[in-house]
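Containing TSV, C-alpha atoms and all ligand atoms: upload35.tsv.
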```tsv
chain	number	residue	atom	x	y	z
B	1	MET	CA	79.22	108.37	94.69
B	2	ARG	CA	78.23	109.99	91.39
B	3	LEU	CA	81.05	109.52	88.88
B	4	ARG	CA	79.70	109.43	85.34
B	5	THR	CA	82.88	110.48	83.54
B	6	ASP	CA	86.55	110.53	84.47
B	7	ASP	CA	86.27	114.26	85.14
B	8	ASP	CA	83.55	113.59	87.70
B	9	ILE	CA	86.07	112.25	90.20
B	10	TYR	CA	86.86	115.87	90.94
B	11	ARG	CA	83.25	116.65	91.81
B	12	ALA	CA	81.95	113.40	93.21
B	13	ARG	CA	78.61	113.76	94.95
B	14	LEU	CA	78.27	111.51	97.91
B	15	VAL	CA	75.39	109.79	99.59
B	16	TYR	CA	76.36	108.16	102.87
B	17	LEU	CA	75.08	104.87	104.16
B	18	GLY	CA	75.25	104.02	107.82
B	19	PRO	CA	73.60	102.33	110.78
B	20	PRO	CA	70.33	103.67	112.24
B	21	GLY	CA	70.82	106.66	114.53
B	22	TYR	CA	74.14	107.71	113.01
B	23	THR	CA	74.55	111.46	112.64
B	24	LEU	CA	76.61	113.20	109.99
B	25	PRO	CA	77.87	116.78	110.01
B	26	MET	CA	76.35	119.37	107.67
B	27	HIS	CA	73.21	117.38	106.83
B	28	LEU	CA	74.98	115.31	104.22
B	29	PRO	CA	72.63	113.01	102.28
B	30	TYR	CA	72.25	109.87	104.30
B	31	ALA	CA	70.40	106.55	104.17
B	32	GLN	CA	70.31	103.61	106.56
B	33	TYR	CA	71.82	100.30	105.49
B	34	GLY	CA	68.47	98.55	105.62
B	35	MET	CA	66.44	101.16	103.68
B	36	PHE	CA	66.25	99.02	100.56
B	37	VAL	CA	63.21	100.91	99.21
B	38	LEU	CA	65.22	104.13	99.27
B	39	LEU	CA	68.47	102.56	98.12
B	40	VAL	CA	67.16	101.33	94.75
B	41	PRO	CA	66.14	104.72	93.30
B	42	LEU	CA	69.14	106.39	94.93
B	43	PHE	CA	71.70	104.18	93.29
B	44	MET	CA	69.87	103.09	90.15
B	45	PHE	CA	68.84	106.47	88.83
B	46	VAL	CA	71.08	109.00	90.54
B	47	HIS	CA	74.36	107.32	91.40
B	48	TYR	CA	76.43	104.83	89.58
B	49	LEU	CA	79.14	103.62	91.88
B	50	VAL	CA	79.19	102.37	95.46
B	51	THR	CA	82.17	101.88	97.72
B	52	PHE	CA	82.62	101.50	101.47
B	53	GLU	CA	85.25	102.10	104.12
B	54	PHE	CA	83.86	99.98	106.92
B	55	GLU	CA	83.54	96.19	107.00
B	56	SER	CA	80.61	96.16	109.42
B	57	VAL	CA	78.34	97.19	106.52
B	58	PRO	CA	75.89	94.29	106.28
B	59	ALA	CA	77.02	92.06	103.39
B	60	GLU	CA	73.33	91.78	102.35
B	61	THR	CA	73.12	95.55	101.76
B	62	VAL	CA	76.18	95.43	99.53
B	63	ALA	CA	74.97	92.30	97.71
B	64	PHE	CA	71.57	93.96	97.19
B	65	LEU	CA	73.10	97.12	95.73
B	66	SER	CA	75.37	95.05	93.46
B	67	GLN	CA	72.27	94.04	91.49
B	68	PHE	CA	71.78	97.64	90.36
B	69	VAL	CA	75.17	99.40	90.41
B	70	PRO	CA	78.86	98.45	90.39
B	71	VAL	CA	80.17	98.02	93.94
B	72	TYR	CA	83.92	98.07	94.68
B	73	PRO	CA	85.26	96.15	96.55
B	74	SER	CA	82.77	93.39	95.71
B	75	ALA	CA	80.14	91.94	98.03
B	76	GLU	CA	82.10	88.67	97.90
B	77	ALA	CA	85.32	90.38	99.06
B	78	LEU	CA	83.38	91.90	101.95
B	79	ARG	CA	81.76	88.54	102.83
B	80	ILE	CA	85.19	86.90	103.14
B	81	ALA	CA	87.01	89.76	104.86
B	82	ARG	CA	84.40	90.40	107.54
B	83	ASP	CA	84.36	86.80	108.76
B	84	ARG	CA	87.55	85.45	110.33
B	85	TRP	CA	86.69	81.84	109.43
B	86	PHE	CA	86.26	82.56	105.69
B	87	GLU	CA	89.32	84.83	105.78
B	88	LYS	CA	91.69	82.34	107.41
B	89	SER	CA	90.33	79.47	105.27
B	90	MET	CA	91.17	81.57	102.20
B	91	PHE	CA	94.75	82.18	103.48
B	92	LYS	CA	95.14	78.43	103.94
B	93	ASP	CA	93.80	77.64	100.45
B	94	LEU	CA	96.21	80.18	98.94
B	95	GLY	CA	99.22	78.73	100.79
B	96	ILE	CA	99.65	81.85	102.96
B	97	PRO	CA	100.96	80.95	106.45
B	98	THR	CA	98.49	81.81	109.22
B	99	PRO	CA	98.10	80.74	112.88
B	100	ALA	CA	96.45	77.36	113.58
B	101	PHE	CA	92.69	78.00	113.73
B	102	ALA	CA	89.38	76.27	114.40
B	103	ASP	CA	85.71	77.19	114.01
B	104	ILE	CA	83.95	77.38	117.37
B	105	GLN	CA	80.15	77.09	117.60
B	106	SER	CA	79.89	75.85	121.21
B	107	GLN	CA	81.83	75.38	124.46
B	108	ALA	CA	82.35	71.72	123.43
B	109	ASP	CA	83.99	72.90	120.16
B	110	LEU	CA	86.21	75.21	122.22
B	111	ASP	CA	87.30	72.44	124.58
B	112	ALA	CA	88.15	70.19	121.61
B	113	ALA	CA	90.02	72.97	119.76
B	114	VAL	CA	92.07	73.89	122.86
B	115	ALA	CA	93.05	70.22	123.17
B	116	SER	CA	94.40	70.22	119.59
B	117	ILE	CA	95.76	73.79	119.21
B	118	GLY	CA	97.01	74.13	122.80
B	119	LEU	CA	97.41	77.17	125.07
B	120	PRO	CA	98.00	80.08	124.94
B	121	ALA	CA	95.42	80.77	122.25
B	122	VAL	CA	93.13	83.62	121.25
B	123	LEU	CA	89.35	83.27	121.03
B	124	LYS	CA	87.81	85.83	118.65
B	125	THR	CA	84.27	86.41	117.43
B	126	ARG	CA	84.10	85.54	113.72
B	127	THR	CA	82.54	88.91	112.82
B	128	LEU	CA	82.28	92.48	114.12
B	129	GLY	CA	85.35	92.46	116.44
B	130	TYR	CA	87.64	95.49	116.25
B	131	ASP	CA	90.23	97.30	118.37
B	132	GLY	CA	90.65	94.27	120.64
B	133	LYS	CA	86.88	93.99	121.21
B	134	GLY	CA	85.31	90.57	120.75
B	135	GLN	CA	88.44	88.64	121.63
B	136	LYS	CA	90.15	87.09	124.62
B	137	VAL	CA	93.55	85.54	125.19
B	138	LEU	CA	93.28	82.11	126.86
B	139	ARG	CA	96.37	81.29	128.90
B	140	THR	CA	95.24	78.64	131.39
B	141	ALA	CA	92.59	75.93	131.55
B	142	ALA	CA	90.58	78.22	133.87
B	143	ASP	CA	90.41	80.85	131.08
B	144	VAL	CA	88.74	78.34	128.79
B	145	THR	CA	85.69	77.83	131.02
B	146	GLY	CA	82.87	80.25	130.29
B	147	THR	CA	84.80	82.32	127.70
B	148	PHE	CA	82.55	81.28	124.82
B	149	ALA	CA	79.53	82.57	126.78
B	150	GLU	CA	81.50	85.69	127.77
B	151	LEU	CA	81.90	86.54	124.06
B	152	GLY	CA	78.12	86.19	123.63
B	153	SER	CA	77.91	82.51	122.52
B	154	VAL	CA	78.26	83.70	118.91
B	155	PRO	CA	80.31	81.87	116.23
B	156	CYS	CA	83.99	82.29	117.09
B	157	LEU	CA	87.44	81.32	115.89
B	158	LEU	CA	90.15	79.91	118.11
B	159	GLU	CA	93.67	80.85	116.99
B	160	GLY	CA	97.01	79.64	118.23
B	161	PHE	CA	98.87	82.45	120.03
B	162	VAL	CA	101.71	83.69	117.81
B	163	PRO	CA	104.92	84.66	119.68
B	164	PHE	CA	105.58	87.41	117.15
B	165	THR	CA	108.63	89.68	117.11
B	166	GLY	CA	106.68	92.45	115.41
B	167	GLU	CA	103.50	93.36	113.57
B	168	VAL	CA	103.49	94.83	110.10
B	169	SER	CA	100.80	95.80	107.62
B	170	LEU	CA	100.77	96.22	103.88
B	171	ILE	CA	98.42	98.69	102.24
B	172	ALA	CA	97.68	97.33	98.78
B	173	VAL	CA	95.74	98.89	95.91
B	174	ARG	CA	94.24	97.18	92.87
B	175	GLY	CA	92.58	99.01	90.00
B	176	ARG	CA	89.66	97.88	87.86
B	177	ASP	CA	92.13	96.79	85.16
B	178	GLY	CA	94.02	94.55	87.62
B	179	GLU	CA	96.98	96.94	88.07
B	180	THR	CA	98.37	96.68	91.62
B	181	CYS	CA	100.61	98.85	93.75
B	182	PHE	CA	101.78	98.68	97.35
B	183	TYR	CA	102.89	101.14	100.02
B	184	PRO	CA	106.05	100.41	102.05
B	185	LEU	CA	105.41	97.94	104.90
B	186	VAL	CA	104.34	99.65	108.12
B	187	HIS	CA	105.52	98.61	111.61
B	188	ASN	CA	102.58	98.68	114.01
B	189	THR	CA	102.51	98.83	117.80
B	190	HIS	CA	99.29	97.84	119.56
B	191	GLU	CA	98.27	98.14	123.19
B	192	SER	CA	95.26	96.19	124.48
B	193	GLY	CA	94.47	95.28	120.86
B	194	ILE	CA	94.30	98.96	119.76
B	195	LEU	CA	96.75	100.42	117.23
B	196	ARG	CA	98.92	103.10	118.87
B	197	LEU	CA	101.79	103.76	116.48
B	198	SER	CA	102.51	103.06	112.80
B	199	VAL	CA	105.94	103.72	111.32
B	200	ALA	CA	106.51	103.42	107.56
B	201	SER	CA	109.56	101.29	106.79
B	202	THR	CA	112.34	101.71	104.23
B	203	ASP	CA	113.45	98.69	102.17
B	204	HIS	CA	111.89	96.21	104.60
B	205	PRO	CA	113.36	92.73	104.00
B	206	LEU	CA	109.85	91.18	104.05
B	207	GLN	CA	108.31	93.66	101.56
B	208	ALA	CA	108.47	91.27	98.59
B	209	LEU	CA	107.03	88.36	100.59
B	210	ALA	CA	104.15	90.50	101.89
B	211	GLN	CA	103.41	91.71	98.36
B	212	ASP	CA	103.44	88.13	97.06
B	213	TYR	CA	100.85	87.10	99.69
B	214	ALA	CA	98.74	90.20	99.01
B	215	GLU	CA	98.83	89.60	95.22
B	216	ARG	CA	97.37	86.12	95.79
B	217	VAL	CA	94.46	87.53	97.81
B	218	LEU	CA	93.80	90.46	95.45
B	219	LYS	CA	93.69	88.13	92.46
B	220	LYS	CA	91.54	85.51	94.18
B	221	LEU	CA	88.96	88.14	95.19
B	222	ASP	CA	89.23	90.06	91.87
B	223	TYR	CA	89.62	92.94	94.28
B	224	VAL	CA	89.19	96.62	93.38
B	225	GLY	CA	90.20	99.38	95.82
B	226	VAL	CA	92.48	99.58	98.85
B	227	LEU	CA	93.02	96.45	100.92
B	228	ALA	CA	95.02	96.35	104.17
B	229	PHE	CA	96.84	93.15	105.06
B	230	GLU	CA	98.03	92.66	108.66
B	231	PHE	CA	100.85	90.23	109.42
B	232	PHE	CA	102.77	88.88	112.39
B	233	GLU	CA	106.55	88.81	111.95
B	234	VAL	CA	107.71	85.45	113.23
B	235	ASP	CA	110.82	83.29	112.63
B	236	GLY	CA	112.05	85.72	109.97
B	237	GLY	CA	108.83	85.25	107.95
B	238	LEU	CA	105.21	86.38	108.01
B	239	LYS	CA	101.98	84.86	109.29
B	240	ALA	CA	98.75	86.40	108.04
B	241	ASN	CA	96.58	87.87	110.78
B	242	GLU	CA	93.76	89.54	108.87
B	243	ILE	CA	92.72	91.63	105.92
B	244	ALA	CA	90.55	94.74	105.93
B	245	PRO	CA	88.66	95.54	102.70
B	246	ARG	CA	89.14	99.29	103.02
B	247	VAL	CA	91.45	102.17	103.75
B	248	HIS	CA	93.14	101.41	107.04
B	249	ASN	CA	94.30	103.19	110.17
B	250	SER	CA	97.87	101.94	109.62
B	251	GLY	CA	97.80	103.75	106.24
B	252	HIS	CA	96.73	107.14	107.61
B	253	TRP	CA	100.34	108.37	107.47
B	254	THR	CA	100.07	108.32	103.64
B	255	THR	CA	97.99	111.54	103.70
B	256	GLU	CA	101.13	113.53	104.43
B	257	GLY	CA	103.81	110.87	103.99
B	258	ALA	CA	103.27	109.43	100.49
B	259	GLU	CA	103.10	110.86	96.96
B	260	CYS	CA	99.47	109.73	96.69
B	261	SER	CA	97.48	108.86	99.82
B	262	GLN	CA	95.60	105.60	100.39
B	263	PHE	CA	92.35	107.61	100.25
B	264	GLU	CA	93.10	109.11	96.83
B	265	ASN	CA	94.32	105.77	95.53
B	266	HIS	CA	91.13	104.06	96.69
B	267	LEU	CA	89.04	106.58	94.75
B	268	ARG	CA	91.29	106.30	91.70
B	269	ALA	CA	90.99	102.50	91.84
B	270	VAL	CA	87.19	102.31	92.16
B	271	ALA	CA	86.72	105.03	89.51
B	272	GLY	CA	88.85	103.10	87.02
B	273	LEU	CA	91.55	105.79	86.89
B	274	PRO	CA	95.35	105.29	86.85
B	275	LEU	CA	96.76	104.59	90.32
B	276	GLY	CA	99.02	107.16	91.99
B	277	SER	CA	102.57	106.70	93.26
B	278	THR	CA	102.83	104.91	96.62
B	279	ALA	CA	106.38	106.22	97.22
B	280	LYS	CA	107.17	107.80	100.58
B	281	VAL	CA	108.12	111.49	100.69
B	282	GLY	CA	110.60	111.05	103.57
B	283	GLU	CA	110.23	109.24	106.89
B	284	SER	CA	106.74	109.13	108.43
B	285	ALA	CA	104.92	107.86	111.48
B	286	MET	CA	101.32	108.03	112.68
B	287	LEU	CA	100.23	108.16	116.32
B	288	ASN	CA	96.63	107.48	117.31
B	289	PHE	CA	94.86	109.57	119.92
B	290	ILE	CA	92.80	107.16	122.01
B	291	GLY	CA	90.16	108.50	124.41
B	292	GLU	CA	91.16	112.16	124.00
B	293	VAL	CA	93.11	114.53	121.79
B	294	PRO	CA	96.06	116.16	123.61
B	295	ALA	CA	96.42	119.97	123.68
B	296	VAL	CA	96.30	120.99	120.01
B	297	ASP	CA	98.85	123.82	120.33
B	298	LYS	CA	101.36	121.45	121.92
B	299	VAL	CA	100.87	118.76	119.26
B	300	LEU	CA	101.32	121.32	116.49
B	301	SER	CA	104.48	122.71	118.10
B	302	VAL	CA	106.27	119.43	117.24
B	303	ASP	CA	108.22	119.82	113.96
B	304	ASP	CA	106.39	118.74	110.79
B	305	CYS	CA	103.50	117.34	112.79
B	306	HIS	CA	100.00	117.18	111.28
B	307	LEU	CA	96.92	116.79	113.45
B	308	HIS	CA	93.66	115.10	112.42
B	309	HIS	CA	90.85	115.70	114.93
B	310	TYR	CA	87.80	113.50	114.24
B	311	GLY	CA	85.40	115.73	116.17
B	312	LYS	CA	84.08	112.71	118.08
B	313	ALA	CA	83.06	112.74	121.74
B	314	PHE	CA	86.02	111.73	123.92
B	315	LYS	CA	85.56	108.26	125.39
B	316	ALA	CA	88.03	105.76	126.87
B	317	GLY	CA	89.27	103.31	124.24
B	318	ARG	CA	87.83	105.28	121.26
B	319	LYS	CA	90.04	106.57	118.44
B	320	VAL	CA	89.34	110.31	118.39
B	321	GLY	CA	92.18	111.60	116.23
B	322	HIS	CA	95.71	111.02	115.02
B	323	ALA	CA	98.90	112.87	114.19
B	324	THR	CA	101.37	112.25	111.39
B	325	VAL	CA	104.97	113.29	111.90
B	326	ARG	CA	107.44	113.57	109.04
B	327	SER	CA	111.16	113.98	108.80
B	328	ALA	CA	114.04	113.64	106.35
B	329	ASP	CA	115.77	111.03	108.54
B	330	ARG	CA	114.76	108.24	110.89
B	331	GLU	CA	116.63	109.54	113.94
B	332	THR	CA	114.78	112.85	113.89
B	333	LEU	CA	111.50	111.03	113.25
B	334	ASP	CA	111.99	108.86	116.36
B	335	ARG	CA	112.58	112.03	118.39
B	336	GLN	CA	109.39	113.63	117.04
B	337	VAL	CA	107.41	110.46	117.82
B	338	LYS	CA	108.67	110.57	121.43
B	339	GLN	CA	107.64	114.24	121.70
B	340	VAL	CA	104.07	113.44	120.64
B	341	GLU	CA	103.97	110.33	122.86
B	342	ALA	CA	104.91	112.50	125.83
B	343	LEU	CA	101.77	114.58	125.20
B	344	ILE	CA	99.50	111.53	125.19
B	345	LYS	CA	98.30	110.89	128.75
B	346	ASN	CA	96.73	107.44	128.46
Q	1	LIG	P1	93.04	91.46	115.54
Q	1	LIG	O1	91.75	92.13	115.85
Q	1	LIG	O2	92.86	90.05	115.11
Q	1	LIG	O3	93.90	92.24	114.57
Q	1	LIG	O4	93.87	91.44	116.93
Q	1	LIG	C1	94.28	92.64	117.58
Q	1	LIG	C2	95.68	92.45	118.14
Q	1	LIG	O5	95.70	91.36	119.08
Q	1	LIG	C3	96.73	92.08	117.09
Q	1	LIG	O6	97.21	93.21	116.41
Q	1	LIG	C4	97.78	91.43	117.98
Q	1	LIG	O7	98.54	92.39	118.68
Q	1	LIG	C5	96.93	90.65	118.98
Q	1	LIG	N1	96.66	89.29	118.44
Q	1	LIG	C6	95.60	88.93	117.68
Q	1	LIG	N2	95.66	87.62	117.33
Q	1	LIG	C7	96.78	87.13	117.88
Q	1	LIG	C8	97.40	85.84	117.87
Q	1	LIG	N3	96.85	84.80	117.23
Q	1	LIG	N4	98.58	85.71	118.54
Q	1	LIG	C9	99.13	86.76	119.21
Q	1	LIG	N5	98.58	87.99	119.26
Q	1	LIG	C10	97.43	88.19	118.61
```
Take the structure in this file and express it as structure tokens.
Amino acid sequence: MRLRTDDDIYRARLVYLGPPGYTLPMHLPYAQYGMFVLLVPLFMFVHYLVTFEFESVPAETVAFLSQFVPVYPSAEALRIARDRWFEKSMFKDLGIPTPAFADIQSQADLDAAVASIGLPAVLKTRTLGYDGKGQKVLRTAADVTGTFAELGSVPCLLEGFVPFTGEVSLIAVRGRDGETCFYPLVHNTHESGILRLSVASTDHPLQALAQDYAERVLKKLDYVGVLAFEFFEVDGGLKANEIAPRVHNSGHWTTEGAECSQFENHLRAVAGLPLGSTAKVGESAMLNFIGEVPAVDKVLSVDDCHLHHYGKAFKAGRKVGHATVRSADRETLDRQVKQVEALIKN
């Protein structure tokens, strides 16, 4: 992103980085993660700031670029957040409750960890898992056999299964000067590990606790930008599930539902500009479209409903769009959510 002065935030020029074979609309400038020869002149002489919205970016690419240009969030924040072992070890060091966990490098490690953590438990690949991919719930001794190989015999983490009463996430923002702000906690509903519904809360009793935990992480990582923190609600408290060093699906409602969206606040934060208000502008919920987008005219006939179509090929299990619904009161919002849910086939 080219942002030489504060005014430049309004006319940022973007160069996109992505994996080989990725196609962008409108021939936007694009380079592959591994094209180090191209990346140096691009970012040293033309651009002065790098950010990312995807934790599968190779940490080496980000660390490499950090030698030449400021990168926010930092390569170190990415290194921790993209690896479940580093992430959960950090929670433990910071006194943030998290499920029991163990590093798994072999089937023998898994057998030993199951003996100490017990069943049910969840085996997850340490890196690159998303939307329920790269993880398996182990309920019986039979599930334990062969599961490490099933996940590709790659480094994994075994976690105790948390009998949660709910899942919430906190979208946090930290500026270059250390200023922080937080959106209202969001209630999330997942199916098969994929986020289906996010509802922004009002005066959630665990808001202050979630913010306290997030402050510890933001400070530890000297974090700049938007960070999403996912929690399990259990026994009236919170257990940390994971962090994402980026704008997050459970914060998509902020585009229409908050004074300043998570996307704008991320750009303000990395550009060193004052952060915007995270206040809600009424009640809001976000519904993901998984596999396909329902009939557009029907979605838009729901009151105060806003459709985001990603233009991706429809495919089972893939997020291809979302809708935000807004209302002045929670009862009406719940009705609007049900109307959109009725249009979703899968
Ligand atoms: P994750 O990719 O770690 O966010 O996991 C995706 C979803 O799987 C979570 O949102 C939970 O619904 C479920 N899940 C993950 N880990 C656990 C756990 N340790 N105990 C219970 N459910 C879990």
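Interatomic distance, CA of Phe91 in chain B against CA of Asn241 in chain B: 9.4 Å.
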From the list B:Glu264, B:Asp222, B:Asp334, B:Asp131, the nearest residue to Met286 in chain B using all atoms listed in the file is B:Asp334
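If you look at CA of Ala258 in chain B and CA of Phe182 in chain B, they are 11.3 Å away from each other.
Checking B:Asn188, B:Ser74, B:Thr180, B:Thr255 one by one against Phe52 in chain B, counting all atoms listed in the file, you find the shortest gap at B:Ser74.
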What is the distance between CA of Glu53 in chain B and CA of Phe164 in chain B, in Å to one decimal?
28.3 Å
Check every protein, DNA and RNA residue against ligand LIG 1 (chain Q), keep those with an atom at most 8 Å away (counting all atoms listed in the file), and present them as a ChimeraX atom specification.
/B:99,121-122,124,129-133,135,159-164,167,189-195,230,232,241-242
Using only the atoms of range 46-60 of chain B listed in the file, plus 4 Å on each side, state the axis-aligned box centre and edge lengths in Å rounded to one decimal, as JSON.
```
{"center_x": 78.2, "center_y": 100.4, "center_z": 99.5, "size_x": 22.2, "size_y": 25.2, "size_z": 27.8}
```
Write out as a PyMOL selection string the residues lying within 12 Å of Leu333 in chain B, counting only C-alpha atoms and excluding same-chain residues fewer than 6 positions away.
chain B and resi 199-201+282-286+302-305+324-327+339-340
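Within 8 Å of the file-frame point (88.7, 96.6, 100.3), and using only C-alpha atoms, the polymer residues found are Phe52, Glu53, Tyr72, Pro73, Ala77, Leu78, Tyr223, Val224, Gly225, Val226, Leu227, Ala228, Ala244, Pro245, Arg246 and Val247 of chain B.
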With C-alpha atoms retained, write the just-selected residues as a CSV table (one decimal), in the frame of the given file.
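The file below, again-v5.csv, is the result:
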```
chain,number,residue,atom,x,y,z
B,52,PHE,CA,82.6,101.5,101.5
B,53,GLU,CA,85.2,102.1,104.1
B,72,TYR,CA,83.9,98.1,94.7
B,73,PRO,CA,85.3,96.2,96.6
B,77,ALA,CA,85.3,90.4,99.1
B,78,LEU,CA,83.4,91.9,102.0
B,223,TYR,CA,89.6,92.9,94.3
B,224,VAL,CA,89.2,96.6,93.4
B,225,GLY,CA,90.2,99.4,95.8
B,226,VAL,CA,92.5,99.6,98.8
B,227,LEU,CA,93.0,96.4,100.9
B,228,ALA,CA,95.0,96.4,104.2
B,244,ALA,CA,90.6,94.7,105.9
B,245,PRO,CA,88.7,95.5,102.7
B,246,ARG,CA,89.1,99.3,103.0
B,247,VAL,CA,91.4,102.2,103.8
```
I want to know what sits within 9 Å of Tyr213 in chain B, based on all atoms listed in the file, with residues of the same chain fewer than 5 positions away left out; could you give that as a ChimeraX atom specification?
/B:91,94-96,208,218,240
My list of candidates is B:Thr127, B:Thr140, B:Thr254, B:Asn288. Which is closest to Pro58 in chain B when distances are computed with all atoms listed in the file?
B:Thr127
Do you know which residues are at most 10 Å from range 113-117 of chain B counting only C-alpha atoms, after dropping those on the same chain fewer than 2 positions away, and could you put them as number ranges by chain?
B: 99-104, 107-111, 119-123, 138, 141, 144, 157-161
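Protein and nucleic acid residues near (98.4, 94.8, 101.0) are Leu170, Ile171, Ala172, Ala214, Leu227, Ala228 and Phe229 of chain B, the criterion being any atom at most 6 Å away using all atoms listed in the file.
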Need the shell around Leu128 in chain B: protein/DNA/RNA residues with any atom at most 8 Å away, counting only C-alpha atoms. Skip same-chain ones fewer than 5 positions apart. Format as an mmCIF file with C-alpha atoms, in the frame of the given file?
```
data_model
loop_
_atom_site.group_PDB
_atom_site.id
_atom_site.type_symbol
_atom_site.label_atom_id
_atom_site.label_comp_id
_atom_site.auth_asym_id
_atom_site.auth_seq_id
_atom_site.Cartn_x
_atom_site.Cartn_y
_atom_site.Cartn_z
ATOM 1 C CA SER B 56 80.610 96.160 109.420
ATOM 2 C CA ARG B 82 84.400 90.400 107.540
ATOM 3 C CA GLY B 134 85.310 90.570 120.750
#
```
10 Å contact set for Ser261 in chain B, all atoms listed in the file, chain neighbours under 5 positions out, as a PyMOL selection string
chain B and resi 183+247+251-256+266+276-280
